[in-house]
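So this block is data00.cif, mmCIF, C-alpha atoms and all ligand atoms:
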```
data_upload
loop_
_atom_site.label_atom_id
_atom_site.label_comp_id
_atom_site.auth_asym_id
_atom_site.auth_seq_id
_atom_site.Cartn_x
_atom_site.Cartn_y
_atom_site.Cartn_z
CA MET A 790 -22.30 20.08 -11.39
CA SER A 791 -19.30 21.28 -13.36
CA THR A 792 -17.99 19.01 -16.08
CA ASN A 793 -14.69 17.18 -16.15
CA GLU A 794 -11.75 19.53 -16.64
CA PRO A 795 -9.72 18.66 -19.76
CA SER A 796 -6.27 17.45 -18.80
CA THR A 797 -4.70 20.09 -21.08
CA LEU A 798 -5.61 22.74 -18.50
CA ILE A 799 -3.34 21.16 -15.92
CA PRO A 800 0.25 22.43 -16.16
CA ALA A 801 2.43 19.68 -17.65
CA ALA A 802 4.73 19.34 -14.65
CA GLU A 803 1.79 19.00 -12.27
CA ASN A 804 -0.20 16.58 -14.40
CA PRO A 805 -0.07 13.36 -12.35
CA PHE A 806 0.04 11.12 -15.42
CA ASP A 807 3.03 13.07 -16.77
CA SER A 808 4.67 12.82 -13.34
CA MET A 809 4.21 9.05 -13.44
CA ILE A 810 5.49 8.78 -17.03
CA SER A 811 8.65 10.81 -16.35
CA ARG A 812 9.68 8.38 -13.57
CA PHE A 813 8.61 5.42 -15.70
CA ASP A 814 10.79 6.73 -18.56
CA GLU A 815 13.85 6.97 -16.33
CA ALA A 816 13.41 3.46 -14.94
CA ALA A 817 12.68 2.05 -18.42
CA ARG A 818 15.90 3.64 -19.71
CA ILE A 819 17.95 2.07 -16.90
CA LEU A 820 16.27 -1.29 -17.55
CA ASN A 821 16.85 -0.98 -21.29
CA LEU A 822 13.20 -1.78 -21.88
CA SER A 823 12.39 -2.45 -25.54
CA ASP A 824 10.17 0.09 -27.33
CA GLY A 825 7.44 -2.53 -27.64
CA LEU A 826 7.31 -3.36 -23.94
CA TYR A 827 7.63 0.33 -23.07
CA ASN A 828 4.49 1.10 -25.06
CA VAL A 829 2.57 -1.85 -23.63
CA LEU A 830 3.41 -1.04 -20.00
CA LYS A 831 2.74 2.67 -20.14
CA SER A 832 -0.69 2.36 -21.79
CA PRO A 833 -3.78 1.84 -19.63
CA ALA A 834 -5.55 -1.38 -20.69
CA LYS A 835 -9.04 0.06 -20.23
CA GLN A 836 -10.56 3.49 -19.55
CA VAL A 837 -14.25 3.71 -18.74
CA ILE A 838 -16.17 6.99 -18.27
CA VAL A 839 -19.82 6.85 -17.21
CA SER A 840 -22.58 9.37 -16.55
CA LEU A 841 -24.44 8.67 -13.32
CA PRO A 842 -27.89 10.24 -12.90
CA VAL A 843 -28.82 10.51 -9.22
CA SER A 844 -32.00 11.83 -7.56
CA MET A 845 -31.00 14.37 -4.96
CA ASP A 846 -32.83 14.95 -1.69
CA ASP A 847 -34.40 18.17 -2.98
CA GLY A 848 -36.11 16.28 -5.83
CA SER A 849 -33.69 17.42 -8.56
CA ILE A 850 -31.63 15.06 -10.71
CA GLN A 851 -27.87 15.53 -10.97
CA VAL A 852 -25.61 13.75 -13.39
CA PHE A 853 -22.17 12.84 -12.02
CA GLU A 854 -19.18 11.67 -14.02
CA GLY A 855 -17.55 8.41 -12.92
CA TYR A 856 -14.32 6.79 -14.04
CA ARG A 857 -12.57 3.46 -13.80
CA VAL A 858 -9.18 2.87 -15.35
CA VAL A 859 -7.61 -0.57 -15.48
CA HIS A 860 -3.95 0.02 -16.15
CA ASN A 861 -2.52 -3.51 -16.31
CA ILE A 862 -3.73 -7.01 -15.40
CA ASN A 863 -0.68 -9.12 -16.17
CA LEU A 864 0.07 -9.96 -12.53
CA GLY A 865 -3.57 -10.61 -11.62
CA PRO A 866 -6.96 -8.90 -11.39
CA ALA A 867 -6.93 -5.12 -11.31
CA LYS A 868 -6.86 -3.65 -7.82
CA GLY A 869 -7.29 -0.11 -6.61
CA GLY A 870 -9.45 2.33 -4.74
CA ILE A 871 -12.31 4.64 -5.67
CA ARG A 872 -11.95 8.34 -5.01
CA TYR A 873 -14.80 10.82 -4.43
CA SER A 874 -13.53 14.34 -4.99
CA MET A 875 -14.22 17.43 -7.10
CA ASP A 876 -10.61 17.21 -8.34
CA VAL A 877 -11.07 13.81 -9.99
CA HIS A 878 -10.19 13.86 -13.69
CA LEU A 879 -9.16 11.23 -16.21
CA ASP A 880 -5.42 11.90 -16.12
CA GLU A 881 -5.43 11.67 -12.34
CA VAL A 882 -7.26 8.33 -12.42
CA LYS A 883 -4.89 7.06 -15.14
CA ALA A 884 -1.85 7.97 -13.03
CA LEU A 885 -3.36 6.46 -9.89
CA ALA A 886 -4.21 3.24 -11.79
CA ALA A 887 -0.63 2.94 -13.09
CA TRP A 888 0.74 3.59 -9.59
CA MET A 889 -1.41 0.67 -8.37
CA THR A 890 0.21 -1.61 -10.98
CA TRP A 891 3.68 -0.61 -9.77
CA LYS A 892 2.61 -0.69 -6.10
CA CYS A 893 1.30 -4.26 -6.32
CA ALA A 894 4.36 -5.39 -8.29
CA VAL A 895 6.87 -3.82 -5.90
CA SER A 896 5.03 -5.32 -2.91
CA ASN A 897 4.83 -8.80 -4.39
CA ILE A 898 1.05 -8.84 -4.49
CA PRO A 899 -0.54 -10.85 -7.31
CA PHE A 900 -2.73 -8.03 -8.59
CA GLY A 901 -2.67 -5.61 -11.47
CA GLY A 902 -3.52 -1.93 -11.14
CA GLY A 903 -6.77 -0.04 -11.43
CA LYS A 904 -8.39 3.06 -9.99
CA GLY A 905 -11.77 4.71 -10.03
CA GLY A 906 -13.25 8.02 -9.16
CA ILE A 907 -16.38 10.11 -9.18
CA LYS A 908 -16.25 13.87 -9.56
CA CYS A 909 -18.37 14.91 -6.58
CA ASP A 910 -18.11 16.67 -3.24
CA PRO A 911 -18.96 13.95 -0.71
CA ARG A 912 -18.94 16.40 2.22
CA SER A 913 -21.85 18.32 0.74
CA MET A 914 -23.96 15.22 0.01
CA SER A 915 -26.31 13.32 2.32
CA ALA A 916 -25.78 9.63 3.10
CA GLY A 917 -28.81 8.81 0.93
CA GLU A 918 -27.41 10.74 -2.05
CA LEU A 919 -24.01 9.08 -1.64
CA GLU A 920 -25.64 5.66 -1.45
CA ARG A 921 -27.64 6.25 -4.65
CA LEU A 922 -24.48 7.56 -6.36
CA THR A 923 -22.40 4.56 -5.25
CA ARG A 924 -25.06 2.10 -6.38
CA ALA A 925 -25.40 3.87 -9.76
CA TYR A 926 -21.62 3.67 -10.19
CA THR A 927 -21.59 -0.05 -9.31
CA ARG A 928 -24.41 -0.75 -11.78
CA ALA A 929 -22.51 1.15 -14.48
CA MET A 930 -19.35 -0.86 -13.72
CA ILE A 931 -21.01 -4.29 -13.53
CA ASP A 932 -19.00 -5.57 -16.51
CA VAL A 933 -15.77 -4.08 -15.18
CA PHE A 934 -15.79 -5.19 -11.52
CA GLY A 935 -15.46 -8.78 -10.36
CA PRO A 936 -13.42 -10.77 -7.81
CA GLU A 937 -11.35 -12.20 -10.68
CA LYS A 938 -11.37 -9.03 -12.79
CA ASP A 939 -11.20 -5.75 -10.93
CA ILE A 940 -11.52 -5.28 -7.18
CA PRO A 941 -12.20 -1.77 -5.85
CA ALA A 942 -11.32 -0.46 -2.38
CA PRO A 943 -11.52 2.82 -0.45
CA ASP A 944 -9.51 5.88 -1.40
CA MET A 945 -9.88 9.60 -0.74
CA GLY A 946 -13.52 10.43 0.18
CA THR A 947 -14.66 6.80 0.47
CA GLY A 948 -14.51 4.20 3.25
CA PRO A 949 -16.08 0.99 4.58
CA ARG A 950 -19.63 2.38 4.20
CA GLU A 951 -19.26 2.89 0.44
CA MET A 952 -17.58 -0.53 0.09
CA ALA A 953 -20.59 -2.15 1.82
CA TRP A 954 -22.93 -0.52 -0.76
CA ILE A 955 -20.73 -1.72 -3.63
CA MET A 956 -20.64 -5.26 -2.26
CA ASP A 957 -24.42 -5.28 -1.79
CA GLN A 958 -25.22 -3.78 -5.21
CA TYR A 959 -22.80 -6.07 -7.04
CA SER A 960 -24.11 -9.14 -5.16
CA LYS A 961 -27.73 -8.24 -6.00
CA LEU A 962 -26.86 -7.87 -9.69
CA VAL A 963 -24.99 -11.18 -9.97
CA GLY A 964 -27.51 -13.03 -7.79
CA TYR A 965 -25.23 -14.31 -5.03
CA SER A 966 -23.21 -12.87 -2.19
CA SER A 967 -19.80 -11.82 -3.47
CA PRO A 968 -17.67 -10.37 -0.66
CA ALA A 969 -14.40 -10.71 -2.62
CA VAL A 970 -15.54 -8.13 -5.23
CA VAL A 971 -14.41 -5.27 -3.01
CA THR A 972 -12.01 -4.79 -0.09
CA GLY A 973 -12.00 -2.36 2.81
CA LYS A 974 -15.45 -3.58 3.83
CA PRO A 975 -16.77 -3.24 7.39
CA LEU A 976 -15.45 -6.03 9.62
CA VAL A 977 -18.89 -7.58 10.23
CA MET A 978 -19.45 -8.20 6.53
CA GLY A 979 -16.15 -9.79 5.57
CA GLY A 980 -13.65 -7.00 6.05
CA SER A 981 -10.19 -7.90 7.35
CA LYS A 982 -8.89 -7.15 10.77
CA GLY A 983 -6.15 -4.52 10.46
CA ARG A 984 -7.40 -3.09 7.13
CA VAL A 985 -8.41 0.31 8.53
CA GLU A 986 -4.96 0.86 10.05
CA ALA A 987 -3.04 -0.93 7.27
CA THR A 988 -1.86 2.01 5.15
CA GLY A 989 -0.73 4.07 8.15
CA ARG A 990 0.92 1.03 9.64
CA GLY A 991 2.84 0.39 6.42
CA VAL A 992 3.92 4.04 6.35
CA MET A 993 5.28 3.62 9.88
CA VAL A 994 7.17 0.42 8.96
CA ALA A 995 8.60 2.07 5.82
CA CYS A 996 9.59 5.11 7.90
CA ARG A 997 11.31 2.93 10.49
CA SER A 998 13.14 0.91 7.80
CA ALA A 999 14.44 4.12 6.17
CA MET A 1000 15.46 5.64 9.51
CA LEU A 1001 17.46 2.50 10.30
CA LYS A 1002 19.36 2.85 7.02
CA MET A 1003 19.99 6.54 7.72
CA GLY A 1004 21.07 5.93 11.32
CA LEU A 1005 18.31 8.20 12.69
CA ASN A 1006 17.34 7.53 16.30
CA PRO A 1007 13.52 7.64 16.60
CA TYR A 1008 13.70 8.96 20.16
CA LYS A 1009 15.75 11.94 18.99
CA SER A 1010 13.80 12.61 15.80
CA THR A 1011 10.93 14.89 14.91
CA CYS A 1012 8.21 14.54 12.31
CA ALA A 1013 5.49 16.54 10.52
CA VAL A 1014 2.47 14.87 8.95
CA GLN A 1015 0.41 16.59 6.25
CA GLY A 1016 -3.19 15.32 6.10
CA PHE A 1017 -5.24 13.89 8.94
CA GLY A 1018 -7.56 11.46 7.19
CA ASN A 1019 -7.23 7.69 7.55
CA VAL A 1020 -3.61 7.59 6.33
CA GLY A 1021 -2.29 10.76 7.98
CA SER A 1022 -3.86 10.30 11.40
CA ILE A 1023 -2.90 6.63 11.76
CA SER A 1024 0.61 7.21 10.39
CA ALA A 1025 1.04 10.04 12.93
CA LYS A 1026 -0.24 7.86 15.78
CA LEU A 1027 1.98 4.89 14.95
CA ILE A 1028 5.08 7.00 14.18
CA GLU A 1029 4.60 8.77 17.52
CA GLN A 1030 4.49 5.33 19.17
CA GLN A 1031 7.92 4.64 17.66
CA GLY A 1032 9.32 7.48 19.77
CA LEU A 1033 9.31 10.37 17.29
CA LYS A 1034 7.92 13.74 18.34
CA ILE A 1035 5.17 14.88 15.96
CA LEU A 1036 5.67 18.65 15.75
CA ALA A 1037 2.95 19.36 13.20
CA ILE A 1038 -0.19 17.93 11.65
CA SER A 1039 -2.71 19.39 9.22
CA ASP A 1040 -6.01 18.89 7.45
CA VAL A 1041 -8.21 20.94 5.12
CA THR A 1042 -8.64 23.55 7.88
CA GLY A 1043 -4.88 24.27 8.02
CA GLY A 1044 -1.76 23.21 9.91
CA TYR A 1045 -1.18 22.85 13.66
CA TYR A 1046 2.29 23.21 15.14
CA ASN A 1047 3.66 22.55 18.63
CA PRO A 1048 7.46 22.63 19.09
CA ASN A 1049 7.09 20.37 22.14
CA GLY A 1050 5.19 17.71 20.23
CA ILE A 1051 1.47 17.18 19.58
CA ASN A 1052 -0.43 14.51 21.49
CA ILE A 1053 -1.79 12.56 18.52
CA GLN A 1054 -4.39 10.57 20.49
CA GLU A 1055 -5.85 13.89 21.64
CA ALA A 1056 -5.81 15.30 18.12
CA ILE A 1057 -7.56 12.19 16.76
CA ALA A 1058 -10.20 12.34 19.51
CA TYR A 1059 -10.67 16.09 18.81
CA SER A 1060 -11.07 15.57 15.06
CA GLN A 1061 -13.49 12.67 15.55
CA SER A 1062 -15.72 14.74 17.80
CA HIS A 1063 -15.59 17.83 15.50
CA GLY A 1064 -16.87 16.50 12.18
CA ASP A 1065 -13.52 14.98 11.16
CA GLN A 1066 -11.82 18.37 11.33
CA LEU A 1067 -9.04 19.82 13.48
CA LEU A 1068 -10.42 23.40 13.37
CA GLY A 1069 -10.17 24.84 16.90
CA PHE A 1070 -7.69 22.20 18.16
CA THR A 1071 -5.89 23.88 21.06
CA GLY A 1072 -2.96 21.46 21.47
CA ALA A 1073 -0.95 23.42 18.86
CA ASP A 1074 -0.63 26.80 17.14
CA PRO A 1075 -2.06 27.36 13.67
CA ILE A 1076 0.33 27.36 10.69
CA SER A 1077 -0.35 26.99 6.98
CA ASN A 1078 -0.08 23.73 5.08
CA ASN A 1079 2.88 25.18 3.15
CA GLU A 1080 4.68 26.15 6.34
CA LEU A 1081 4.21 22.61 7.63
CA LEU A 1082 5.98 21.17 4.59
CA GLU A 1083 8.98 23.45 5.10
CA LEU A 1084 9.41 22.86 8.85
CA ASP A 1085 12.78 21.93 10.31
CA VAL A 1086 11.92 18.30 11.12
CA ASP A 1087 13.73 15.02 10.48
CA VAL A 1088 10.82 13.23 8.83
CA LEU A 1089 8.02 14.60 6.66
CA VAL A 1090 4.98 12.46 5.85
CA PRO A 1091 2.84 14.04 3.12
CA ALA A 1092 -0.40 12.08 3.46
CA ALA A 1093 -2.91 14.45 1.86
CA MET A 1094 -2.89 14.53 -1.93
CA GLU A 1095 -0.85 14.89 -5.12
CA ASP A 1096 1.65 17.59 -6.03
CA GLN A 1097 2.22 19.10 -2.60
CA ILE A 1098 6.00 19.27 -3.05
CA THR A 1099 6.95 20.66 -6.44
CA GLY A 1100 9.91 22.39 -8.08
CA HIS A 1101 8.74 25.59 -6.32
CA ASN A 1102 8.94 24.55 -2.68
CA ALA A 1103 11.37 21.59 -2.94
CA PRO A 1104 14.45 23.82 -2.36
CA ARG A 1105 12.94 24.88 1.00
CA ILE A 1106 12.22 21.36 2.30
CA ARG A 1107 14.34 20.80 5.41
CA ALA A 1108 13.31 17.23 6.32
CA LYS A 1109 15.99 14.55 5.85
CA LEU A 1110 13.43 11.88 5.04
CA ILE A 1111 10.10 12.06 3.21
CA VAL A 1112 7.75 9.09 3.47
CA GLU A 1113 4.92 9.40 0.95
CA GLY A 1114 1.67 8.45 2.66
CA ALA A 1115 -0.41 9.94 -0.19
CA ASN A 1116 -0.19 8.93 -3.83
CA GLY A 1117 1.96 11.37 -5.81
CA PRO A 1118 2.56 14.07 -3.15
CA VAL A 1119 6.00 14.85 -4.61
CA ALA A 1120 5.73 16.01 -8.22
CA ALA A 1121 8.38 14.89 -10.69
CA SER A 1122 9.64 18.50 -10.86
CA ALA A 1123 10.83 18.16 -7.23
CA ASP A 1124 12.67 14.80 -7.56
CA GLU A 1125 16.03 16.11 -8.71
CA ILE A 1126 16.11 19.00 -6.21
CA LEU A 1127 15.39 16.68 -3.28
CA ASN A 1128 17.98 14.19 -4.55
CA GLN A 1129 20.63 16.85 -4.80
CA ASN A 1130 19.81 18.11 -1.32
CA GLY A 1131 20.30 14.58 0.03
CA VAL A 1132 16.67 14.10 1.06
CA MET A 1133 15.73 10.42 1.11
CA VAL A 1134 12.22 9.87 -0.32
CA VAL A 1135 10.40 6.60 0.30
CA PRO A 1136 8.07 6.70 -2.73
CA ASP A 1137 4.30 6.25 -2.57
CA ILE A 1138 4.29 2.96 -4.49
CA LEU A 1139 6.35 1.48 -1.66
CA ALA A 1140 5.49 3.60 1.40
CA ASN A 1141 1.71 3.41 1.21
CA ALA A 1142 1.46 -0.17 -0.06
CA GLY A 1143 0.35 -1.44 3.37
CA GLY A 1144 -3.27 -0.69 2.43
CA VAL A 1145 -3.37 -2.78 -0.72
CA THR A 1146 -1.36 -5.51 1.02
CA VAL A 1147 -4.07 -5.99 3.62
CA SER A 1148 -6.69 -5.59 0.86
CA TYR A 1149 -5.04 -8.61 -0.73
CA PHE A 1150 -5.25 -10.44 2.60
CA GLU A 1151 -8.94 -9.50 2.82
CA TRP A 1152 -9.58 -10.89 -0.67
CA VAL A 1153 -7.71 -14.11 0.25
CA GLN A 1154 -9.75 -14.48 3.46
CA ASN A 1155 -13.02 -13.86 1.57
CA ARG A 1156 -12.16 -16.55 -0.94
CA LEU A 1157 -11.06 -18.95 1.79
CA GLY A 1158 -14.09 -18.18 3.93
CA TYR A 1159 -11.72 -18.24 6.88
CA PHE A 1160 -10.57 -15.18 8.83
CA TRP A 1161 -7.20 -14.37 10.33
CA THR A 1162 -6.38 -12.77 13.66
CA GLU A 1163 -5.22 -9.16 13.68
CA GLU A 1164 -1.85 -10.34 14.92
CA ARG A 1165 -1.42 -12.57 11.83
CA VAL A 1166 -2.54 -9.80 9.45
CA ASN A 1167 -0.14 -7.26 10.98
CA ARG A 1168 2.78 -9.68 11.18
CA ARG A 1169 2.44 -10.67 7.51
CA ALA A 1170 1.89 -7.09 6.35
CA ASP A 1171 4.91 -5.81 8.32
CA ARG A 1172 7.11 -8.57 6.92
CA ASN A 1173 5.92 -7.82 3.39
CA MET A 1174 6.72 -4.13 3.79
CA LYS A 1175 10.17 -4.78 5.26
CA GLU A 1176 11.03 -7.18 2.42
CA ALA A 1177 9.77 -4.79 -0.24
CA PHE A 1178 11.74 -1.93 1.31
CA GLU A 1179 14.94 -3.98 1.42
CA HIS A 1180 14.49 -5.11 -2.18
CA VAL A 1181 14.03 -1.52 -3.37
CA TYR A 1182 16.90 -0.29 -1.20
CA GLN A 1183 19.24 -2.90 -2.71
CA ALA A 1184 18.11 -1.94 -6.24
CA SER A 1185 18.85 1.71 -5.46
CA MET A 1186 22.39 0.73 -4.38
CA GLN A 1187 22.87 -1.44 -7.46
CA HIS A 1188 21.70 1.22 -9.93
CA ASN A 1189 22.96 4.18 -7.92
CA CYS A 1190 19.56 5.85 -8.09
CA SER A 1191 16.86 7.20 -5.78
CA LEU A 1192 14.51 4.87 -3.94
CA ARG A 1193 11.74 6.12 -6.23
CA ILE A 1194 13.46 5.13 -9.45
CA ALA A 1195 14.58 1.88 -7.80
CA ALA A 1196 10.96 1.07 -6.90
CA TYR A 1197 9.89 1.71 -10.50
CA ILE A 1198 12.79 -0.46 -11.72
CA VAL A 1199 11.76 -3.38 -9.47
CA ALA A 1200 8.10 -3.03 -10.45
CA ILE A 1201 8.54 -2.49 -14.19
CA ASP A 1202 11.06 -5.31 -14.43
CA LYS A 1203 8.60 -7.71 -12.82
CA VAL A 1204 5.60 -6.69 -14.95
CA ALA A 1205 7.79 -6.71 -18.09
CA GLN A 1206 9.04 -10.25 -17.35
CA VAL A 1207 5.50 -11.54 -16.79
CA THR A 1208 4.28 -9.77 -19.94
CA GLN A 1209 6.98 -11.52 -21.96
CA LEU A 1210 6.36 -14.91 -20.37
CA ARG A 1211 2.64 -14.66 -20.98
CA GLY A 1212 3.24 -13.61 -24.60
CA GLY A 1213 0.25 -13.53 -26.91
CA ILE A 1214 0.88 -10.02 -28.16
N1 LIG A 1301 -6.57 3.32 -2.22
C1 LIG A 1301 -5.47 2.60 -1.63
C2 LIG A 1301 -4.20 2.84 -2.42
O1 LIG A 1301 -4.06 3.80 -3.13
C3 LIG A 1301 -5.80 1.13 -1.42
C4 LIG A 1301 -6.09 0.36 -2.66
C5 LIG A 1301 -6.59 -1.06 -2.39
O2 LIG A 1301 -6.60 -1.47 -1.24
O3 LIG A 1301 -6.96 -1.72 -3.36
O4 LIG A 1301 -3.25 2.11 -2.31
#
```
I'd like the structure from this file rewritten - as structure tokens, please.
Amino acid sequence: MSTNEPSTLIPAAENPFDSMISRFDEAARILNLSDGLYNVLKSPAKQVIVSLPVSMDDGSIQVFEGYRVVHNINLGPAKGGIRYSMDVHLDEVKALAAWMTWKCAVSNIPFGGGKGGIKCDPRSMSAGELERLTRAYTRAMIDVFGPEKDIPAPDMGTGPREMAWIMDQYSKLVGYSSPAVVTGKPLVMGGSKGRVEATGRGVMVACRSAMLKMGLNPYKSTCAVQGFGNVGSISAKLIEQQGLKILAISDVTGGYYNPNGINIQEAIAYSQSHGDQLLGFTGADPISNNELLELDVDVLVPAAMEDQITGHNAPRIRAKLIVEGANGPVAASADEILNQNGVMVVPDILANAGGVTVSYFEWVQNRLGYFWTEERVNRRADRNMKEAFEHVYQASMQHNCSLRIAAYIVAIDKVAQVTQLRGGI
């Protein structure tokens, strides 16, 4: 197993933490944030790195590196997913943790921000190996996690199965059943109705809210979605249901383009029956992931990973609206170019907040011991997203800035106010 790549090897503009800080700086300047508060809010509160020895199926022992970063807990316990990927590194986890702080603040959720990750390739590991790895990680994080302290959730490479292992391992260690320690659990063991679809649903609501402001008619609009995991596939399905034609989708096997529109239900069924991959899907012609980003569509939903749109390809983006399903898909180097070209970008910390919103509802239901109907979950989540969008939109009008900087302004202002009110520094 290769070791963690030092962050200095990542080009500055593409380093996700630098990308986060450059937007944070701009919002802090507009807010006139004092130097003291600036330093408090940009610094992660806690960074934990652990070595996780795991027995592999072939009898060998491999040591994996695991991370958890708690960025800020002024609004409430830290909240954020756990990512399993070979690309995980400390600066990525730090950026993702900070984005969770801003995401919760902008969405009016009483949580702080955290994020975790393990540098591993989950696709090449057996279920047994992944279970042993997840339990080792939970044991290593026993002093970090807790329903009142830090509540993990799924992210790239993890899902309900891993959350079930975390819940079980944590509960065994503390000696009682503790469903509220993690969200995104399977429904039968305290998960929330609507959680699986929540991020994609929020992306759809954010997309619809932005289209309304732009006067775009969904029935006359086209869309391309990059990434076909939980967020990409469900966003595509729900955006298609709004009347838009989805001209292109993609996953790790490449892009798929059909000028007449792709049938998303068919694509989802195909991917599910082919090892979660679109390879060989005949409802569209193959294109590259880069070509997908530059297609002549009205709406682009990057829902794969960070830094997909950078200073290099931003001038060639033809979409009028970008709705960020992934965290950090537009690098800071692309912001100004997209702005100048009149592309509206609904930023990640707003657009993909539907997931953490329903995670919050799951945590509330676990603590209540009383479960809501799917209709109630969706209604409350949709309302939350619409309100957050409107709040950010108004801030962008007031400060004459992009939706991204407006979202940072709303979030930083809130966390700064609470930090001052709490005092004690
Ligand atoms: N991983 C998701 C995100 O980036 C969900 C986090 C959560 O539900 O805590 O927003």
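Distance check against ligand LIG 1301 (chain A) using all atoms listed in the file: of A:Lys938, A:Lys982, A:Lys868, A:Arg1211, the minimum falls on A:Lys868.
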Name all residues at most 7 Å from Ala987 in chain A (count all atoms listed in the file; drop same-chain ones fewer than 5 positions away) and give them as a PyMOL selection string.
chain A and resi 1143-1144+1147
When you count all atoms listed in the file, which of these residues is closest to Ala1108 in chain A: A:Leu822, A:Ala894, A:Ala969, A:Leu1127?
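Residue with the minimum atom-to-atom distance to Ala1108 in chain A: A:Leu1127.
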Spatial neighbours of range 842-844 of chain A, max dist 10 Å, only C-alpha atoms, sep filter under 4 positions, as number ranges by chain
A: 848-854, 917-926
Measure the distance from CA of Met1094 in chain A to CA of Thr947 in chain A in Å and round it to one decimal.
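So the two atoms, CA of Met1094 in chain A and CA of Thr947 in chain A, lie 14.3 Å apart.
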Contacts of ligand LIG 1301 (chain A), 6 Å or closer, only C-alpha atoms and all ligand atoms, given as a compact mmCIF listing (two decimals) with C-alpha atoms, in the frame of the given file:
```
# COMPACT_ATOMS: atom_id res chain seq x y z
CA LYS A 868 -6.86 -3.65 -7.82
CA GLY A 869 -7.29 -0.11 -6.61
CA GLY A 870 -9.45 2.33 -4.74
CA PRO A 941 -12.20 -1.77 -5.85
CA ALA A 942 -11.32 -0.46 -2.38
CA PRO A 943 -11.52 2.82 -0.45
CA ASP A 944 -9.51 5.88 -1.40
CA ALA A 1142 1.46 -0.17 -0.06
CA GLY A 1144 -3.27 -0.69 2.43
CA VAL A 1145 -3.37 -2.78 -0.72
CA SER A 1148 -6.69 -5.59 0.86
```
Could you tell me how far CA of Ser1024 in chain A lies from CA of Val992 in chain A, in Å and to one decimal?
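Calculated distance between CA of Ser1024 in chain A and CA of Val992 in chain A is 6.1 Å.
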Would you write out, as a Markdown table, a table of all residues in range 821-931 of chain A that have an atom no more than 6 Å from an atom of range 805-809 of chain A, listing for each the closest atom pair and the distance in Å to one decimal, considering all atoms listed in the file and ordering rows by chain and rising residue number?
```
| residue | atom | partner | partner_atom | distance |
| --- | --- | --- | --- | --- |
| A:Asp880 | CA | A:Phe806 | CA | 5.6 |
| A:Glu881 | CA | A:Pro805 | CA | 5.6 |
| A:Ala884 | CA | A:Phe806 | CA | 4.4 |
```
Contact check, range 993-1060 of chain A to range 1180-1203 of chain A, at most 12 Å, counting only C-alpha atoms, closest pairs as JSON lines:
```
{"residue": "A:Ala995", "atom": "CA", "partner": "A:Tyr1182", "partner_atom": "CA", "distance": 11.1}
{"residue": "A:Ser998", "atom": "CA", "partner": "A:Tyr1182", "partner_atom": "CA", "distance": 9.8}
{"residue": "A:Ala999", "atom": "CA", "partner": "A:Tyr1182", "partner_atom": "CA", "distance": 8.9}
{"residue": "A:Leu1001", "atom": "CA", "partner": "A:Tyr1182", "partner_atom": "CA", "distance": 11.8}
{"residue": "A:Lys1002", "atom": "CA", "partner": "A:Tyr1182", "partner_atom": "CA", "distance": 9.1}
{"residue": "A:Met1003", "atom": "CA", "partner": "A:Tyr1182", "partner_atom": "CA", "distance": 11.7}
```
Report, in Å with one decimal, the straight-line distance from CA of Tyr1059 in chain A to CA of Leu1027 in chain A.
17.3 Å
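Distances from A:Ser1010, A:Arg984, A:Met914, A:Gly1016 to Asp846 in chain A were compared using all atoms listed in the file, and the smallest one belongs to A:Met914.
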Please export range 1154-1163 of chain A as a PDB file, in the first residue's frame, restricted to N, CA and C atoms.
```pdb
ATOM      1  N   GLN A1154     -34.389  11.793  14.410  1.00  0.00           N
ATOM      2  CA  GLN A1154     -35.307  10.653  14.570  1.00  0.00           C
ATOM      3  C   GLN A1154     -34.703   9.596  15.503  1.00  0.00           C
ATOM      4  N   ASN A1155     -33.380   9.362  15.386  1.00  0.00           N
ATOM      5  CA  ASN A1155     -32.724   8.384  16.259  1.00  0.00           C
ATOM      6  C   ASN A1155     -32.804   8.821  17.713  1.00  0.00           C
ATOM      7  N   ARG A1156     -32.640  10.113  17.940  1.00  0.00           N
ATOM      8  CA  ARG A1156     -32.674  10.604  19.320  1.00  0.00           C
ATOM      9  C   ARG A1156     -34.089  10.637  19.870  1.00  0.00           C
ATOM     10  N   LEU A1157     -35.056  10.872  18.961  1.00  0.00           N
ATOM     11  CA  LEU A1157     -36.463  10.852  19.376  1.00  0.00           C
ATOM     12  C   LEU A1157     -36.959   9.423  19.586  1.00  0.00           C
ATOM     13  N   GLY A1158     -36.377   8.506  18.800  1.00  0.00           N
ATOM     14  CA  GLY A1158     -36.896   7.131  18.795  1.00  0.00           C
ATOM     15  C   GLY A1158     -38.230   7.073  18.086  1.00  0.00           C
ATOM     16  N   TYR A1159     -38.446   7.998  17.165  1.00  0.00           N
ATOM     17  CA  TYR A1159     -39.723   8.073  16.456  1.00  0.00           C
ATOM     18  C   TYR A1159     -39.409   8.424  15.002  1.00  0.00           C
ATOM     19  N   PHE A1160     -40.012   7.690  14.061  1.00  0.00           N
ATOM     20  CA  PHE A1160     -39.595   7.833  12.664  1.00  0.00           C
ATOM     21  C   PHE A1160     -40.641   8.513  11.794  1.00  0.00           C
ATOM     22  N   TRP A1161     -40.155   9.334  10.888  1.00  0.00           N
ATOM     23  CA  TRP A1161     -41.031  10.125  10.023  1.00  0.00           C
ATOM     24  C   TRP A1161     -41.351   9.372   8.738  1.00  0.00           C
ATOM     25  N   THR A1162     -42.432   9.809   8.086  1.00  0.00           N
ATOM     26  CA  THR A1162     -42.758   9.249   6.776  1.00  0.00           C
ATOM     27  C   THR A1162     -41.811   9.859   5.741  1.00  0.00           C
ATOM     28  N   GLU A1163     -41.688   9.198   4.604  1.00  0.00           N
ATOM     29  CA  GLU A1163     -40.838   9.719   3.535  1.00  0.00           C
ATOM     30  C   GLU A1163     -41.353  11.074   3.056  1.00  0.00           C
TER      31      GLU A1163
END
```
